[in-house]
>>> print(open('protein.tsv').read())   # TSV, C-alpha atoms
chain	number	residue	atom	x	y	z
U	819	MET	CA	-19.85	4.29	20.19
U	820	ARG	CA	-16.65	4.53	22.25
U	821	ILE	CA	-14.31	1.96	23.70
U	822	ARG	CA	-12.58	3.15	26.86
U	823	LEU	CA	-8.82	2.55	26.83
U	824	ASN	CA	-8.11	4.39	30.05
U	825	LYS	CA	-9.58	7.29	31.92
U	826	ASN	CA	-8.03	9.82	29.52
U	827	ASP	CA	-8.37	8.11	26.15
U	828	ASN	CA	-11.15	6.60	24.03
U	829	LEU	CA	-11.47	5.13	20.57
U	830	SER	CA	-14.32	6.56	18.53
U	831	ALA	CA	-16.45	4.58	16.10
U	832	ALA	CA	-14.60	5.99	13.09
U	833	GLU	CA	-11.24	5.05	14.61
U	834	ILE	CA	-12.36	1.51	15.49
U	835	ILE	CA	-13.72	0.84	11.99
U	836	THR	CA	-10.58	2.21	10.33
U	837	ILE	CA	-8.25	0.20	12.58
U	838	LEU	CA	-10.21	-3.02	11.95
U	839	SER	CA	-10.19	-2.46	8.18
U	840	LEU	CA	-6.39	-2.08	8.21
U	841	VAL	CA	-5.49	-4.78	10.75
U	842	THR	CA	-7.61	-7.48	9.09
U	843	SER	CA	-6.59	-6.67	5.50
U	844	PRO	CA	-3.60	-9.11	5.29
U	845	PHE	CA	-5.72	-12.09	6.35
U	846	THR	CA	-7.41	-12.80	3.04
U	847	ALA	CA	-7.96	-16.51	3.74
U	848	PHE	CA	-11.09	-15.57	5.69
U	849	ARG	CA	-12.74	-13.93	2.70
U	850	PHE	CA	-16.09	-15.22	1.48
U	851	ARG	CA	-15.76	-14.99	-2.27
U	852	TYR	CA	-14.28	-11.52	-2.68
U	853	LEU	CA	-15.38	-9.94	0.61
U	854	GLY	CA	-13.55	-10.31	3.89
U	855	VAL	CA	-13.66	-8.51	7.22
U	856	SER	CA	-11.45	-5.73	5.86
U	857	GLU	CA	-13.65	-5.08	2.82
U	858	ILE	CA	-16.80	-5.10	4.96
U	859	MET	CA	-15.22	-2.65	7.41
U	860	ILE	CA	-14.21	-0.37	4.51
U	861	ILE	CA	-17.80	-0.38	3.22
U	862	VAL	CA	-19.04	0.46	6.74
U	863	LEU	CA	-16.46	3.26	6.96
U	864	ILE	CA	-17.64	4.65	3.61
U	865	LEU	CA	-21.26	4.70	4.82
U	866	TYR	CA	-20.18	6.32	8.09
U	867	ALA	CA	-18.18	9.02	6.30
U	868	PHE	CA	-21.06	9.78	3.94
U	869	ALA	CA	-23.40	10.03	6.93
U	870	VAL	CA	-21.00	12.53	8.51
U	871	ALA	CA	-20.62	14.61	5.34
U	872	GLY	CA	-24.31	14.47	4.38
U	873	LEU	CA	-25.12	15.70	0.89
U	874	LYS	CA	-21.93	17.76	0.76
U	875	LEU	CA	-18.84	15.85	-0.36
U	876	PRO	CA	-15.90	18.14	0.37
U	877	ILE	CA	-13.19	17.37	-2.21
U	878	GLN	CA	-9.99	19.11	-1.19
U	879	ARG	CA	-7.48	20.49	-3.65
U	880	ASP	CA	-4.83	17.94	-2.66
U	881	SER	CA	-7.28	15.00	-2.58
U	882	LEU	CA	-6.04	11.64	-3.82
U	883	PHE	CA	-9.66	10.63	-4.44
U	884	LYS	CA	-9.91	13.20	-7.23
U	885	HIS	CA	-7.22	11.46	-9.28
U	886	PHE	CA	-8.63	8.00	-8.64
U	887	PHE	CA	-12.12	9.18	-9.63
U	888	LEU	CA	-10.76	10.59	-12.89
U	889	PHE	CA	-9.05	7.26	-13.54
U	890	ILE	CA	-12.38	5.44	-13.13
U	891	VAL	CA	-13.96	7.89	-15.60
U	892	CYS	CA	-11.14	7.10	-18.06
U	893	CYS	CA	-11.83	3.39	-17.58
U	894	LEU	CA	-15.52	3.89	-18.39
U	895	VAL	CA	-14.66	5.87	-21.53
U	896	GLY	CA	-12.25	3.11	-22.57
U	897	TRP	CA	-14.90	0.44	-21.96
U	898	ALA	CA	-17.40	2.37	-24.06
U	899	TYR	CA	-14.87	2.64	-26.89
U	900	ASN	CA	-14.10	-1.08	-26.57
U	901	ILE	CA	-17.78	-1.88	-27.08
U	902	LEU	CA	-18.63	0.74	-29.73
U	903	ALA	CA	-15.53	0.00	-31.83
U	904	ASP	CA	-16.36	-3.73	-31.61
U	905	ILE	CA	-12.88	-4.58	-30.29
U	906	ASN	CA	-14.37	-7.07	-27.80
U	907	SER	CA	-11.29	-7.18	-25.58
U	908	GLY	CA	-11.74	-8.66	-22.10
U	909	THR	CA	-14.91	-9.92	-20.45
U	910	THR	CA	-17.87	-8.16	-18.82
U	911	TYR	CA	-17.37	-10.15	-15.60
U	912	TYR	CA	-13.81	-8.94	-15.03
U	913	ALA	CA	-14.72	-5.41	-16.14
U	914	LEU	CA	-17.41	-5.22	-13.46
U	915	PHE	CA	-15.18	-6.89	-10.87
U	916	ASN	CA	-12.29	-4.46	-11.42
U	917	LEU	CA	-14.68	-1.52	-11.59
U	918	PHE	CA	-16.08	-2.48	-8.18
U	919	ALA	CA	-12.55	-2.88	-6.79
U	920	TYR	CA	-11.52	0.53	-8.14
U	921	ALA	CA	-14.68	2.11	-6.74
U	922	LEU	CA	-14.03	0.55	-3.32
U	923	THR	CA	-10.48	1.92	-3.36
U	924	ALA	CA	-11.62	5.39	-4.46
U	925	LEU	CA	-14.42	5.56	-1.89
U	926	GLY	CA	-12.10	4.19	0.81
U	927	ILE	CA	-9.71	7.06	0.07
U	928	LEU	CA	-12.59	9.55	0.08
U	929	SER	CA	-13.98	8.26	3.38
U	930	VAL	CA	-10.64	8.76	5.15
U	931	GLU	CA	-10.26	12.22	3.60
U	932	ILE	CA	-13.79	13.17	4.76
U	933	LEU	CA	-13.16	11.94	8.29
U	934	LEU	CA	-9.87	13.83	8.40
U	935	LEU	CA	-11.74	16.97	7.40
U	936	TYR	CA	-14.29	16.42	10.20
U	937	ARG	CA	-11.69	14.95	12.56
U	938	GLU	CA	-12.54	17.18	15.52
U	939	SER	CA	-16.28	16.51	15.51
U	940	VAL	CA	-16.04	12.74	14.85
U	941	ARG	CA	-12.78	12.28	16.84
U	942	PHE	CA	-10.58	10.88	14.09
U	943	ARG	CA	-6.94	10.94	15.23
U	944	THR	CA	-4.39	9.71	12.73
U	945	THR	CA	-1.64	8.97	15.24
U	946	VAL	CA	-4.01	6.96	17.44
U	947	ILE	CA	-5.15	4.95	14.40
U	948	LEU	CA	-1.60	4.32	13.19
U	949	ARG	CA	-0.35	3.43	16.69
U	950	CYS	CA	-3.19	0.93	17.21
U	951	PHE	CA	-2.68	-0.47	13.69
U	952	PHE	CA	1.02	-1.01	14.34
U	953	LEU	CA	0.71	-2.50	17.83
U	954	LEU	CA	-2.30	-4.73	17.10
U	955	LEU	CA	-1.06	-6.15	13.81
U	956	SER	CA	2.54	-6.56	15.01
U	957	ILE	CA	1.44	-8.38	18.18
U	958	ILE	CA	-1.01	-10.58	16.24
U	959	ILE	CA	1.76	-11.54	13.80
U	960	LEU	CA	4.12	-12.18	16.73
U	961	ILE	CA	1.62	-14.48	18.45
U	962	LEU	CA	0.87	-16.32	15.20
U	963	PHE	CA	4.59	-16.68	14.56
U	964	PHE	CA	5.12	-18.49	17.87
U	965	ILE	CA	2.02	-20.63	17.26
U	966	SER	CA	3.42	-21.57	13.84
U	967	ARG	CA	6.45	-23.11	15.58
U	968	ARG	CA	4.06	-25.73	16.98
U	969	THR	CA	1.45	-26.18	14.26
U	970	ARG	CA	0.92	-25.23	10.63
U	971	PHE	CA	-2.84	-24.73	10.96
U	972	LEU	CA	-5.16	-22.61	13.09
U	973	PHE	CA	-8.95	-22.22	12.85
U	974	GLY	CA	-8.85	-24.56	9.87
U	975	LYS	CA	-6.55	-22.20	7.91
U	976	THR	CA	-2.88	-22.53	7.13
U	977	LEU	CA	-0.23	-20.26	8.64
U	978	PHE	CA	2.15	-20.97	5.76
U	979	TYR	CA	2.32	-20.46	2.02
U	980	TYR	CA	4.71	-22.96	0.49
U	981	ASN	CA	6.74	-23.22	3.72
U	982	ARG	CA	6.88	-19.44	4.17
U	983	PHE	CA	5.23	-17.88	7.22
U	984	VAL	CA	2.29	-16.01	5.67
U	985	PRO	CA	-0.57	-16.40	8.18
U	986	PHE	CA	-4.14	-16.63	6.89
U	987	ALA	CA	-3.26	-15.23	3.44
U	988	ASP	CA	-4.02	-16.53	-0.05
U	989	ASN	CA	-0.56	-15.53	-1.30
U	990	ILE	CA	2.58	-13.84	-0.06
U	991	HIS	CA	1.79	-10.43	-1.54
U	992	GLN	CA	-1.63	-10.06	0.08
U	993	PHE	CA	0.18	-10.28	3.41
U	994	SER	CA	3.38	-8.36	2.66
U	995	MET	CA	1.67	-5.39	0.95
U	996	ILE	CA	0.32	-4.33	4.34
U	997	ALA	CA	3.16	-5.68	6.50
U	998	VAL	CA	5.72	-3.45	4.73
U	999	PHE	CA	4.15	-0.39	6.40
U	1000	LEU	CA	4.71	-1.70	9.91
U	1001	PRO	CA	8.47	-1.04	10.43
U	1002	PHE	CA	8.25	2.58	9.31
U	1003	VAL	CA	5.19	3.28	11.46
U	1004	GLY	CA	6.87	1.60	14.43
U	1005	PHE	CA	10.12	3.54	14.02
U	1006	TYR	CA	8.13	6.77	13.71
U	1007	PHE	CA	6.54	6.22	17.11
U	1008	ALA	CA	9.86	5.07	18.56
U	1009	LYS	CA	11.34	8.45	17.61
U	1010	LYS	CA	8.40	10.33	19.12
U	1011	GLU	CA	8.23	8.26	22.31
U	1012	THR	CA	9.96	9.72	25.37
U	1013	ARG	CA	9.69	6.70	27.68
U	1014	ALA	CA	12.56	4.26	27.24
U	1015	ILE	CA	10.54	1.04	27.64
U	1016	LYS	CA	7.94	2.06	25.06
U	1017	LYS	CA	10.63	3.32	22.70
U	1018	LEU	CA	12.37	-0.05	22.95
U	1019	LEU	CA	9.05	-1.85	22.37
U	1020	TYR	CA	8.41	0.06	19.14
U	1021	ILE	CA	11.96	-0.58	17.91
U	1022	LEU	CA	11.89	-4.31	18.69
U	1023	LEU	CA	8.46	-4.80	17.10
U	1024	GLY	CA	9.61	-2.81	14.05
U	1025	LEU	CA	12.72	-4.98	13.68
U	1026	PHE	CA	10.58	-8.09	14.11
U	1027	ASP	CA	8.28	-6.87	11.33
U	1028	ILE	CA	11.28	-6.42	9.04
U	1029	TYR	CA	12.39	-9.97	9.87
U	1030	ILE	CA	8.92	-11.30	9.02
U	1031	VAL	CA	8.68	-9.39	5.72
U	1032	LEU	CA	12.15	-10.52	4.62
U	1033	GLY	CA	11.26	-14.08	5.63
U	1034	VAL	CA	8.23	-14.05	3.34
U	1035	ASP	CA	10.73	-13.92	0.44
U	1036	ALA	CA	8.51	-11.65	-1.65
U	1037	LEU	CA	11.14	-9.86	-3.71
U	1038	LYS	CA	9.12	-6.68	-4.21
U	1039	ALA	CA	8.54	-6.41	-0.45
U	1040	THR	CA	12.24	-7.09	0.24
U	1041	VAL	CA	13.39	-4.44	-2.24
U	1042	GLY	CA	10.81	-2.00	-0.88
U	1043	ILE	CA	11.98	-2.52	2.71
U	1044	ILE	CA	15.68	-2.18	1.81
U	1045	ILE	CA	15.23	0.99	-0.27
U	1046	GLY	CA	12.79	2.42	2.27
U	1047	CYS	CA	15.22	1.90	5.16
U	1048	ALA	CA	18.10	3.39	3.14
U	1049	VAL	CA	16.02	6.47	2.27
U	1050	LEU	CA	14.87	6.75	5.89
U	1051	PHE	CA	18.48	6.81	7.12
U	1052	ILE	CA	19.50	9.49	4.60
U	1053	LEU	CA	16.46	11.68	5.34
U	1054	LEU	CA	16.89	11.39	9.11
U	1055	VAL	CA	20.50	12.50	8.81
U	1056	ALA	CA	19.59	15.32	6.41
U	1057	GLN	CA	16.74	16.58	8.64
U	1058	ASN	CA	18.65	16.33	11.94
U	1059	GLU	CA	19.31	19.89	13.12
U	1060	ARG	CA	21.85	18.74	15.72
U	1061	ILE	CA	24.23	17.54	13.00
U	1062	SER	CA	26.23	20.21	11.21
U	1063	GLN	CA	25.95	20.55	7.44
U	1064	ARG	CA	29.55	19.42	7.05
U	1065	ASN	CA	28.99	16.26	9.07
U	1066	LYS	CA	25.72	15.55	7.22
U	1067	LYS	CA	27.59	15.60	3.91
U	1068	ILE	CA	30.28	13.30	5.33
U	1069	ILE	CA	27.78	10.78	6.75
U	1070	ILE	CA	25.61	10.68	3.62
U	1071	THR	CA	28.64	10.48	1.32
U	1072	CYS	CA	30.10	7.59	3.34
U	1073	PHE	CA	26.74	5.81	3.28
U	1074	VAL	CA	26.40	6.23	-0.50
U	1075	MET	CA	30.01	5.10	-1.04
U	1076	LEU	CA	29.45	2.05	1.16
U	1077	ALA	CA	26.31	1.20	-0.79
U	1078	ALA	CA	28.22	1.63	-4.06
U	1079	VAL	CA	31.04	-0.67	-2.87
U	1080	VAL	CA	28.52	-3.33	-1.82
U	1081	ALA	CA	26.77	-2.96	-5.20
U	1082	ILE	CA	30.06	-3.41	-7.07
U	1083	LEU	CA	31.11	-6.42	-5.00
U	1084	ARG	CA	27.67	-8.04	-5.33
U	1085	PHE	CA	26.98	-6.86	-8.89
U	1086	ASP	CA	26.08	-10.33	-10.16
U	1087	ASP	CA	23.65	-10.84	-7.29
U	1088	LEU	CA	22.03	-7.46	-7.96
U	1089	ILE	CA	21.56	-8.36	-11.62
U	1090	THR	CA	19.98	-11.63	-10.54
U	1091	TYR	CA	17.68	-9.80	-8.12
U	1092	GLY	CA	16.77	-7.31	-10.83
U	1093	ILE	CA	15.81	-10.09	-13.18
U	1094	ARG	CA	13.89	-11.88	-10.43
U	1095	PHE	CA	11.98	-8.66	-9.65
U	1096	PHE	CA	10.17	-8.83	-12.96
U	1097	TYR	CA	10.23	-12.58	-13.51
U	1098	GLU	CA	9.58	-13.79	-9.97
U	1099	ASN	CA	7.32	-16.85	-10.14
U	1100	ASP	CA	6.52	-16.04	-13.78
U	1101	ASN	CA	6.47	-19.63	-15.05
U	1102	HIS	CA	9.22	-19.62	-17.67
U	1103	GLY	CA	8.96	-16.06	-18.95
U	1104	ALA	CA	5.20	-15.61	-18.65
U	1105	ARG	CA	5.55	-12.15	-17.12
U	1106	ARG	CA	7.80	-10.98	-19.94
U	1107	GLN	CA	5.15	-12.14	-22.38
U	1108	LEU	CA	2.45	-10.35	-20.37
U	1109	TYR	CA	4.40	-7.07	-20.43
U	1110	THR	CA	5.22	-7.37	-24.12
U	1111	GLU	CA	1.64	-8.21	-25.02
U	1112	ALA	CA	0.28	-5.40	-22.80
U	1113	ILE	CA	2.50	-2.79	-24.49
U	1114	SER	CA	1.50	-4.09	-27.91
U	1115	ILE	CA	-2.22	-3.85	-27.06
U	1116	ILE	CA	-1.82	-0.32	-25.68
U	1117	LEU	CA	-0.01	0.94	-28.79
U	1118	ASN	CA	-2.04	-0.86	-31.43
U	1119	LYS	CA	-5.62	-1.02	-30.16
U	1120	SER	CA	-6.42	2.06	-28.10
U	1121	PRO	CA	-3.52	4.25	-26.93
U	1122	LEU	CA	-5.65	7.31	-26.10
U	1123	VAL	CA	-8.63	6.00	-24.12
U	1124	GLY	CA	-7.72	2.38	-23.38
U	1125	LEU	CA	-10.09	-0.57	-23.39
U	1126	GLY	CA	-11.83	-0.36	-20.04
U	1127	PRO	CA	-11.33	-2.01	-16.63
U	1128	SER	CA	-11.38	-5.66	-17.74
U	1129	LEU	CA	-8.40	-7.99	-18.22
U	1130	HIS	CA	-7.03	-7.54	-21.73
U	1131	VAL	CA	-3.78	-9.52	-21.95
U	1132	TYR	CA	-4.56	-12.86	-23.52
U	1133	TYR	CA	-2.23	-15.52	-22.15
U	1134	GLY	CA	-2.69	-19.26	-22.49
U	1135	ALA	CA	-6.38	-19.91	-22.84
U	1136	SER	CA	-7.78	-16.88	-21.01
U	1137	TYR	CA	-7.37	-13.17	-20.30
U	1138	GLY	CA	-4.87	-12.25	-17.62
U	1139	ASP	CA	-3.69	-9.32	-15.53
U	1140	ALA	CA	-0.77	-7.19	-16.76
U	1141	HIS	CA	0.83	-7.52	-13.27
U	1142	GLU	CA	2.09	-3.93	-13.39
U	1143	THR	CA	0.21	-0.90	-12.11
U	1144	PHE	CA	1.11	1.59	-14.82
U	1145	LEU	CA	0.58	-0.86	-17.68
U	1146	THR	CA	-2.80	-1.71	-16.14
U	1147	ALA	CA	-3.67	2.00	-15.99
U	1148	ALA	CA	-2.75	2.46	-19.66
U	1149	LEU	CA	-4.66	-0.66	-20.74
U	1150	SER	CA	-7.75	0.44	-18.85
U	1151	GLY	CA	-7.80	4.19	-19.50
U	1152	GLY	CA	-5.21	4.84	-22.20
U	1153	ILE	CA	-2.74	7.71	-21.97
U	1154	PHE	CA	-5.26	9.78	-20.02
U	1155	GLY	CA	-5.76	7.02	-17.45
U	1156	LEU	CA	-1.99	6.59	-17.12
U	1157	ILE	CA	-1.54	10.33	-16.55
U	1158	THR	CA	-4.18	10.36	-13.78
U	1159	ILE	CA	-2.40	7.49	-11.99
U	1160	LEU	CA	1.02	9.12	-12.39
U	1161	LEU	CA	-0.47	12.29	-10.88
U	1162	LEU	CA	-1.93	10.19	-8.06
U	1163	TYR	CA	1.54	8.86	-7.19
U	1164	TRP	CA	3.12	12.30	-7.56
U	1165	LYS	CA	0.52	13.79	-5.20
U	1166	ALA	CA	1.15	10.98	-2.68
U	1167	ILE	CA	4.89	11.66	-2.85
U	1168	LYS	CA	4.32	15.40	-2.27
U	1169	GLN	CA	2.07	14.65	0.70
U	1170	THR	CA	4.47	12.24	2.42
U	1171	ILE	CA	7.83	13.83	1.57
U	1172	ASN	CA	7.74	16.20	4.57
U	1173	ASN	CA	8.12	13.29	6.99
U	1174	ALA	CA	11.01	10.85	6.61
U	1175	PHE	CA	9.06	7.92	8.09
U	1176	CYS	CA	5.91	8.55	6.06
U	1177	PHE	CA	7.80	8.95	2.78
U	1178	SER	CA	9.91	5.85	3.45
U	1179	GLY	CA	6.72	3.95	4.21
U	1180	PHE	CA	5.34	4.93	0.79
U	1181	ILE	CA	8.42	3.67	-1.07
U	1182	PRO	CA	7.42	-0.04	-0.86
U	1183	VAL	CA	4.10	0.93	-2.50
U	1184	ILE	CA	6.04	2.45	-5.41
U	1185	VAL	CA	8.24	-0.65	-5.67
U	1186	TYR	CA	5.22	-2.96	-5.58
U	1187	SER	CA	3.57	-0.89	-8.31
U	1188	LEU	CA	6.45	-1.62	-10.69
U	1189	GLY	CA	5.83	-5.36	-10.45
U	1190	GLY	CA	2.18	-5.70	-9.46
U	1191	ASP	CA	-1.26	-4.11	-9.55
U	1192	MET	CA	-1.83	-1.71	-6.63
U	1193	LEU	CA	-5.00	-0.09	-7.98
U	1194	ARG	CA	-7.31	-2.58	-6.25
U	1195	LYS	CA	-5.73	-2.36	-2.78
U	1196	ALA	CA	-8.11	-0.09	-0.85
U	1197	SER	CA	-6.44	-0.61	2.55
U	1198	VAL	CA	-3.03	0.28	1.11
U	1199	TRP	CA	-4.27	3.61	-0.25
U	1200	MET	CA	-6.12	4.38	2.97
U	1201	MET	CA	-2.77	3.95	4.74
U	1202	VAL	CA	-1.15	6.30	2.23
U	1203	VAL	CA	-3.80	8.97	2.97
U	1204	LEU	CA	-3.16	8.62	6.72
U	1205	LEU	CA	0.62	8.86	6.25
U	1206	GLY	CA	0.21	11.89	4.02
U	1207	PHE	CA	-1.87	13.65	6.65
U	1208	VAL	CA	0.63	12.84	9.41
U	1209	ALA	CA	3.44	14.21	7.24
U	1210	SER	CA	1.55	17.48	6.80
U	1211	GLN	CA	1.18	18.19	10.52
U	1212	LYS	CA	3.50	19.89	12.97
U	1213	ASP	CA	5.16	17.86	15.71
U	1214	ASP	CA	3.17	19.49	18.51
U	1215	ILE	CA	-0.08	18.52	16.76
U	1216	LEU	CA	1.13	14.98	16.18
U	1217	LEU	CA	1.91	14.50	19.83
U	1218	SER	CA	-1.34	16.01	21.14
>>> encode(input="protein.tsv", output="structure tokens")
Amino acid sequence: MRIRLNKNDNLSAAEIITILSLVTSPFTAFRFRYLGVSEIMIIVLILYAFAVAGLKLPIQRDSLFKHFFLFIVCCLVGWAYNILADINSGTTYYALFNLFAYALTALGILSVEILLLYRESVRFRTTVILRCFFLLLSIIILILFFISRRTRFLFGKTLFYYNRFVPFADNIHQFSMIAVFLPFVGFYFAKKETRAIKKLLYILLGLFDIYIVLGVDALKATVGIIIGCAVLFILLVAQNERISQRNKKIIITCFVMLAAVVAILRFDDLITYGIRFFYENDNHGARRQLYTEAISIILNKSPLVGLGPSLHVYYGASYGDAHETFLTAALSGGIFGLITILLLYWKAIKQTINNAFCFSGFIPVIVYSLGGDMLRKASVWMMVVLLGFVASQKDDILLS
């Protein structure tokens, strides 16, 4: 299966499925129950990758799947302990739901890693996928943005979430978790592009994506974008061979001093933002209670192996999510589960650090993890795998 773009370029089946799974992931309003177009495309991609690999599943030494698989094993051990020790924390329904979500994320990561390993035979080009992801999703958002100036609804679905432009999404974070990647991917291609018009297109679309993400008013996305852009600037200066070491030190020092002055002058605002980061929309301290209760459960009930993949924080009249990735890891798999997730993030940092744009694009994921659960976001981790692979390649390979 190939779609002809022009006489010199095609999209393969693997590339089409991957692009569709990423581009459709923010539009969760079209889900039927828990499955939407993105989830279906990820399942198709998993089946395709397994068909390519056959009975052999090549797990590389630097595989992110390996850490996620070990986390799932820790969750199963914790669930077994929860049952055998008669703790009875959580529900079977949410345990199975989260287990399926974790499995989808793990297999989504594995499918991309398999296709990258067989990239020449199946024609799986990371830069083509990322370029199509950026252009398609940015243009779709741009079109929907102009449509939203005339109407609040399209195809029977709302383009807004409490007066914020969040098209076809159930909440602001489902949209912004994917949208935060767009500026960094766009700026990456702007730097690589040699033609002025295309370079300008990538820059303008990237700036538009920043405007959209900031307009969503999701504090974690805003903080992620700001820190990511700051880190991108510092890394680009540090890695620029045309700037002397002396001038690099001057530029970076001036930038840090300027940031420090702004922080001092707006100290009260920064404190307010810091408080909002953890208590954003938390209904009068609910999130603080969730965190406190989660830590208490981890320390007192099962610190070593956790309690399994269910929801364990009892709030109000039902079990709730801890709303924090690392607390969720510790609740589900204990100290061993937490270690596997910390190693997962460390491995992702090591994979992306060689490319300023890729590493900066991963920073919003880290920020989101501190105030939300990122373990069930398959499309996000598939993006991280793609960015990590791009960061590991030489420039001449990237441009081929």
>>> closest_atom_pairs(input="protein.tsv", of="region 886-940 of chain U", to="region 1102-1120 of chain U", cutoff="10 Å", atoms="all atoms listed in the file", output="tab-separated table")
residue	atom	partner	partner_atom	distance
U:Gly896	CA	U:Ser1120	CA	8.1
U:Tyr899	CA	U:Ser1120	CA	8.6
U:Asn900	CA	U:Ser1120	CA	8.4
U:Ile905	CA	U:Lys1119	CA	8.1
U:Ser907	CA	U:Lys1119	CA	9.5
>>> residues_around(input="protein.tsv", residues="Ile958 (chain U)", least_positions_apart="2", cutoff="12 Å", atoms="only C-alpha atoms", output="list in words")
Val841, Thr842, Pro844, Phe845, Cys950, Phe951, Phe952, Leu953, Leu954, Leu955, Ser956, Leu960, Ile961, Leu962, Phe963, Phe964, Ile965, Pro985, Phe986, Ala997, Leu1023 and Asp1027 of chain U
>>> atom_distance(input="protein.tsv", atom1="CA of His885 (chain U)", atom2="CA of Leu1162 (chain U)")
5.6 Å
>>> residues_around(input="protein.tsv", residues="Thr1040 (chain U)", least_positions_apart="3", cutoff="12 Å", atoms="all atoms listed in the file", output="PyMOL selection string")
chain U and resi 990-991+994-995+997-998+1027-1037+1043-1047+1091-1092+1094-1095+1181-1183+1185-1186
>>> atom_distance(input="protein.tsv", atom1="CA of Val930 (chain U)", atom2="CA of Val1041 (chain U)")
28.4 Å
>>> residues_around(input="protein.tsv", residues="Gly926 (chain U)", least_positions_apart="6", cutoff="7 Å", atoms="all atoms listed in the file", output="ChimeraX atom specification")
/U:860,864,1196,1200
>>> atom_distance(input="protein.tsv", atom1="CA of Pro1127 (chain U)", atom2="CA of Met1201 (chain U)")
23.8 Å
>>> closest_residue(input="protein.tsv", among="U:Lys1066, U:Arg967, U:Arg949, U:Arg879", to="Leu1000 (chain U)", atoms="all atoms listed in the file")
U:Arg949
>>> residues_near_point(input="protein.tsv", point="(-6.5, 18.1, -2.7)", cutoff="12 Å", atoms="all atoms listed in the file", output="mmCIF file with C-alpha atoms, in the coordinates of the input")
data_model
loop_
_atom_site.group_PDB
_atom_site.id
_atom_site.type_symbol
_atom_site.label_atom_id
_atom_site.label_comp_id
_atom_site.auth_asym_id
_atom_site.auth_seq_id
_atom_site.Cartn_x
_atom_site.Cartn_y
_atom_site.Cartn_z
ATOM 1 C CA PRO U 876 -15.900 18.140 0.370
ATOM 2 C CA ILE U 877 -13.190 17.370 -2.210
ATOM 3 C CA GLN U 878 -9.990 19.110 -1.190
ATOM 4 C CA ARG U 879 -7.480 20.490 -3.650
ATOM 5 C CA ASP U 880 -4.830 17.940 -2.660
ATOM 6 C CA SER U 881 -7.280 15.000 -2.580
ATOM 7 C CA LEU U 882 -6.040 11.640 -3.820
ATOM 8 C CA PHE U 883 -9.660 10.630 -4.440
ATOM 9 C CA LYS U 884 -9.910 13.200 -7.230
ATOM 10 C CA HIS U 885 -7.220 11.460 -9.280
ATOM 11 C CA PHE U 886 -8.630 8.000 -8.640
ATOM 12 C CA ILE U 927 -9.710 7.060 0.070
ATOM 13 C CA LEU U 928 -12.590 9.550 0.080
ATOM 14 C CA GLU U 931 -10.260 12.220 3.600
ATOM 15 C CA ILE U 932 -13.790 13.170 4.760
ATOM 16 C CA LEU U 935 -11.740 16.970 7.400
ATOM 17 C CA LEU U 1161 -0.470 12.290 -10.880
ATOM 18 C CA LEU U 1162 -1.930 10.190 -8.060
ATOM 19 C CA LYS U 1165 0.520 13.790 -5.200
ATOM 20 C CA ALA U 1166 1.150 10.980 -2.680
ATOM 21 C CA LYS U 1168 4.320 15.400 -2.270
ATOM 22 C CA GLN U 1169 2.070 14.650 0.700
ATOM 23 C CA VAL U 1203 -3.800 8.970 2.970
ATOM 24 C CA GLY U 1206 0.210 11.890 4.020
ATOM 25 C CA PHE U 1207 -1.870 13.650 6.650
#
>>> residues_near_point(input="protein.tsv", point="(-18.2, -0.3, 9.5)", cutoff="8 Å", atoms="all atoms listed in the file", output="list of chain:residue names")
U:Ile835, U:Ile858, U:Met859, U:Ile860, U:Ile861, U:Val862, U:Leu863, U:Ile864, U:Leu865, U:Tyr866
>>> closest_residue(input="protein.tsv", among="U:Leu1129, U:Val891, U:Val1055, U:Ala1048", to="Tyr912 (chain U)", atoms="all atoms listed in the file")
U:Leu1129
>>> build_atoms(input="protein.tsv", residues="region 937-944 of chain U", atoms="N, CA and C atoms", output="mmCIF file, keeping the file's coordinate frame")
data_model
loop_
_atom_site.group_PDB
_atom_site.id
_atom_site.type_symbol
_atom_site.label_atom_id
_atom_site.label_comp_id
_atom_site.auth_asym_id
_atom_site.auth_seq_id
_atom_site.Cartn_x
_atom_site.Cartn_y
_atom_site.Cartn_z
ATOM 1 N N ARG U 937 -12.363 15.725 11.530
ATOM 2 C CA ARG U 937 -11.690 14.950 12.560
ATOM 3 C C ARG U 937 -12.005 15.410 13.982
ATOM 4 N N GLU U 938 -12.262 16.683 14.170
ATOM 5 C CA GLU U 938 -12.540 17.180 15.520
ATOM 6 C C GLU U 938 -13.922 16.765 15.993
ATOM 7 N N SER U 939 -14.909 16.837 15.113
ATOM 8 C CA SER U 939 -16.280 16.510 15.510
ATOM 9 C C SER U 939 -16.503 15.002 15.642
ATOM 10 N N VAL U 940 -15.846 14.198 14.794
ATOM 11 C CA VAL U 940 -16.040 12.740 14.850
ATOM 12 C C VAL U 940 -14.932 12.050 15.646
ATOM 13 N N ARG U 941 -13.933 12.819 16.092
ATOM 14 C CA ARG U 941 -12.780 12.280 16.840
ATOM 15 C C ARG U 941 -12.042 11.225 15.998
ATOM 16 N N PHE U 942 -11.310 11.734 15.025
ATOM 17 C CA PHE U 942 -10.580 10.880 14.090
ATOM 18 C C PHE U 942 -9.116 11.297 14.134
ATOM 19 N N ARG U 943 -8.329 10.589 14.973
ATOM 20 C CA ARG U 943 -6.940 10.940 15.230
ATOM 21 C C ARG U 943 -5.994 9.990 14.501
ATOM 22 N N THR U 944 -5.241 10.548 13.573
ATOM 23 C CA THR U 944 -4.390 9.710 12.730
ATOM 24 C C THR U 944 -3.332 8.956 13.532
#
